[in-house]
Amino acid sequence: MTDDTNYVPPKVWTWQKPNGGRFASTNRPVAGATHDKELPVGRHPLQLYSLGTPNGVKVTVMLEELLALGHGGAEYDAWLIRIGDGDQFGSGFVAINPNSKIPALLDRSGPTPIRVFESGAILMYLAEKFGALLPTAPAARAECLSWLFWQMGSAPYLGGGFGHFYAYAPTKIEYAIDRFAMETKRQLDVLDRRLAETEYLGGADYTIADIAVWPWYGALAKGLLYGAGEFLDVGEYRHVQRWTDAIAQRPAVRRGRMVNRLSGEPASQLHERHDASDFDTRTQDKLAAGEKAPPPA
Ligand SMILES: N[C@@H](CCC(=O)N[C@@H](CS)C(=O)NCC(=O)O)C(=O)O
């Protein structure tokens, strides 16, 4: 790599690996599978292949909300895809998501399995399949979908822009951090102004718009993303704070954020979810205690 201030782009870009940034070992300029690997399949109609990042949490919260609403058909197996190990480039995963990113869903409830990738598409698919958390009246539906797509378009500036250059890039580049900090604060202000007017993003009701936005901007507002709470002075967005706190208390959200989670308190990590009882019996603290317990006499 050259010194950032002296870099002159060549006529044709070529892949100089590794570039030293976090994810350098998995990032590539080409798509497609790198190795053959079938995906496991569990007993439930819905098979989720994911990881407990903000994009993954959107879907596990949605599934837990649907189950809490009584939609038994939303029972799911959540399998862990370790993106740091390159699981997203296995042939089975690429067949479900040609973009090689979590989350990816396979609906096996009908005669032919249906694949869905892109977290926003998965939320819409599930909302339409179960007739829940997406209003049907045209005005309310338009508002909900506007905020859902706002999240899909905005978060890459937060994650791929601000988060990458503030926390992960091998050098701190003032221009890049400044540009994306400004955009991130603007986005927080967009949300804050909206949430000053309405309880939830779509209006009076909690919808898939909140489910999409919360894992990103709720976590950011609590200082849980990129260690940037103080830098971005997130406490000033008080309507975002009110909304974030309310959503965090929902039982389905508490469960959904535990699924496929690989960091934090062991009691908050449920690496794979195959049954509702797993929340009580298979979190990392419980599994570790089971391993330490003496074998039954
Ligand atoms: N727009 C996609 C973004 C998904 C995404 O970026 N997933 C990340 C984790 S949060 C991923 O799988 N990264 C692996 C990689 O880039 O190789 C969505 O919302 O589903």
# chains A, B, ... in the order shown; residues from 1 in each chain; ligands from 1

call {"tool": "select_by_dssp", "arguments": {"residues": "stretch 52-295 of chain A", "states": "alpha helix (DSSP H)", "output": "PyMOL selection string"}}
result
chain A and resi 54-68+91-96+119-130+138-156+174-197+208-213+219-221+238-248+251-256+278-281+284-292

call {"tool": "closest_atom_pairs", "arguments": {"of": "chain A", "to": "ligand 1", "cutoff": "7 Å", "atoms": "only C-alpha atoms and all ligand atoms", "output": "CSV"}}
result
residue,atom,partner,partner_atom_place_in_ligand_line,distance
A:Thr26,CA,ligand 1,17 (O),5.9
A:Asn27,CA,ligand 1,17 (O),6.0
A:Thr53,CA,ligand 1,10 (S),5.1
A:Pro54,CA,ligand 1,10 (S),6.0
A:Asn55,CA,ligand 1,10 (S),5.0
A:Gly56,CA,ligand 1,10 (S),6.5
A:Ile83,CA,ligand 1,14 (C),5.3
A:Gln88,CA,ligand 1,17 (O),6.5
A:Ser100,CA,ligand 1,17 (O),6.1
A:Lys101,CA,ligand 1,12 (O),3.2
A:Ile102,CA,ligand 1,12 (O),3.9
A:Pro103,CA,ligand 1,20 (O),5.5
A:Phe117,CA,ligand 1,20 (O),6.4
A:Glu118,CA,ligand 1,20 (O),3.4
A:Ser119,CA,ligand 1,20 (O),3.8
A:Gly120,CA,ligand 1,19 (O),6.0
A:Met152,CA,ligand 1,19 (O),6.3

call {"tool": "select_by_dssp", "arguments": {"residues": "stretch 93-274 of chain A", "states": "strand (DSSP E or B)", "output": "PyMOL selection string"}}
result
chain A and resi 104-107+114-117+259+270+273

call {"tool": "closest_residue", "arguments": {"among": "A:Ala139, A:Val240, A:Leu67, A:Leu287", "to": "A:Arg193", "atoms": "only C-alpha atoms"}}
result
A:Val240

call {"tool": "residues_around", "arguments": {"residues": "A:Gly202", "least_positions_apart": "2", "cutoff": "7 Å", "atoms": "only C-alpha atoms", "output": "mmCIF file with N, CA, C and O atoms, in the first residue's frame"}}
result
data_model
loop_
_atom_site.group_PDB
_atom_site.id
_atom_site.type_symbol
_atom_site.label_atom_id
_atom_site.label_comp_id
_atom_site.auth_asym_id
_atom_site.auth_seq_id
_atom_site.Cartn_x
_atom_site.Cartn_y
_atom_site.Cartn_z
ATOM 1 N N ALA A 140 -50.477 4.338 5.071
ATOM 2 C CA ALA A 140 -49.636 3.787 6.153
ATOM 3 C C ALA A 140 -48.594 2.831 5.586
ATOM 4 O O ALA A 140 -47.444 2.790 6.043
ATOM 5 N N GLU A 143 -45.778 4.832 3.984
ATOM 6 C CA GLU A 143 -44.889 5.443 4.983
ATOM 7 C C GLU A 143 -43.951 4.374 5.568
ATOM 8 O O GLU A 143 -42.747 4.594 5.709
ATOM 9 N N CYS A 144 -44.522 3.228 5.883
ATOM 10 C CA CYS A 144 -43.708 2.132 6.439
ATOM 11 C C CYS A 144 -42.617 1.716 5.448
ATOM 12 O O CYS A 144 -41.440 1.607 5.811
ATOM 13 N N TRP A 147 -39.703 4.209 5.096
ATOM 14 C CA TRP A 147 -38.673 4.141 6.154
ATOM 15 C C TRP A 147 -37.857 2.860 6.054
ATOM 16 O O TRP A 147 -36.664 2.833 6.343
ATOM 17 N N TYR A 200 -43.696 5.667 16.384
ATOM 18 C CA TYR A 200 -42.831 4.756 15.621
ATOM 19 C C TYR A 200 -42.563 5.372 14.254
ATOM 20 O O TYR A 200 -43.206 6.353 13.872
ATOM 21 N N ALA A 204 -48.265 5.469 14.236
ATOM 22 C CA ALA A 204 -48.609 5.067 15.601
ATOM 23 C C ALA A 204 -48.221 3.616 15.905
ATOM 24 O O ALA A 204 -48.094 3.243 17.072
ATOM 25 N N ASP A 205 -48.043 2.811 14.849
ATOM 26 C CA ASP A 205 -47.817 1.374 15.068
ATOM 27 C C ASP A 205 -46.379 0.950 14.798
ATOM 28 O O ASP A 205 -45.719 1.474 13.902
ATOM 29 N N THR A 207 -43.745 -1.394 13.224
ATOM 30 C CA THR A 207 -43.784 -2.113 11.948
ATOM 31 C C THR A 207 -42.388 -2.626 11.563
ATOM 32 O O THR A 207 -41.406 -2.382 12.273
ATOM 33 N N ALA A 209 -40.543 -1.318 9.559
ATOM 34 C CA ALA A 209 -39.622 -0.170 9.436
ATOM 35 C C ALA A 209 -38.803 -0.043 10.722
ATOM 36 O O ALA A 209 -37.575 0.137 10.687
#

call {"tool": "closest_residue", "arguments": {"among": "A:Asp275, A:Glu291, A:Glu230, A:Glu65", "to": "A:Ala127", "atoms": "only C-alpha atoms"}}
result
A:Glu65

call {"tool": "residues_around", "arguments": {"residues": "A:Asp280", "least_positions_apart": "3", "cutoff": "10 Å", "atoms": "only C-alpha atoms", "output": "VMD selection string"}}
result
chain A and resid 267 270 276 to 277 283 286

call {"tool": "write_last_selection", "arguments": {"atoms": "C-alpha atoms", "output": "compact mmCIF listing (two decimals), in the first residue's frame"}}
result
# COMPACT_ATOMS: atom_id res chain seq x y z
CA ALA A 267 -25.97 -15.50 28.65
CA LEU A 270 -27.60 -18.24 21.46
CA ALA A 276 -38.16 -21.86 21.42
CA SER A 277 -36.78 -23.59 24.51
CA THR A 283 -27.19 -20.00 25.62
CA LYS A 286 -25.75 -22.78 30.01
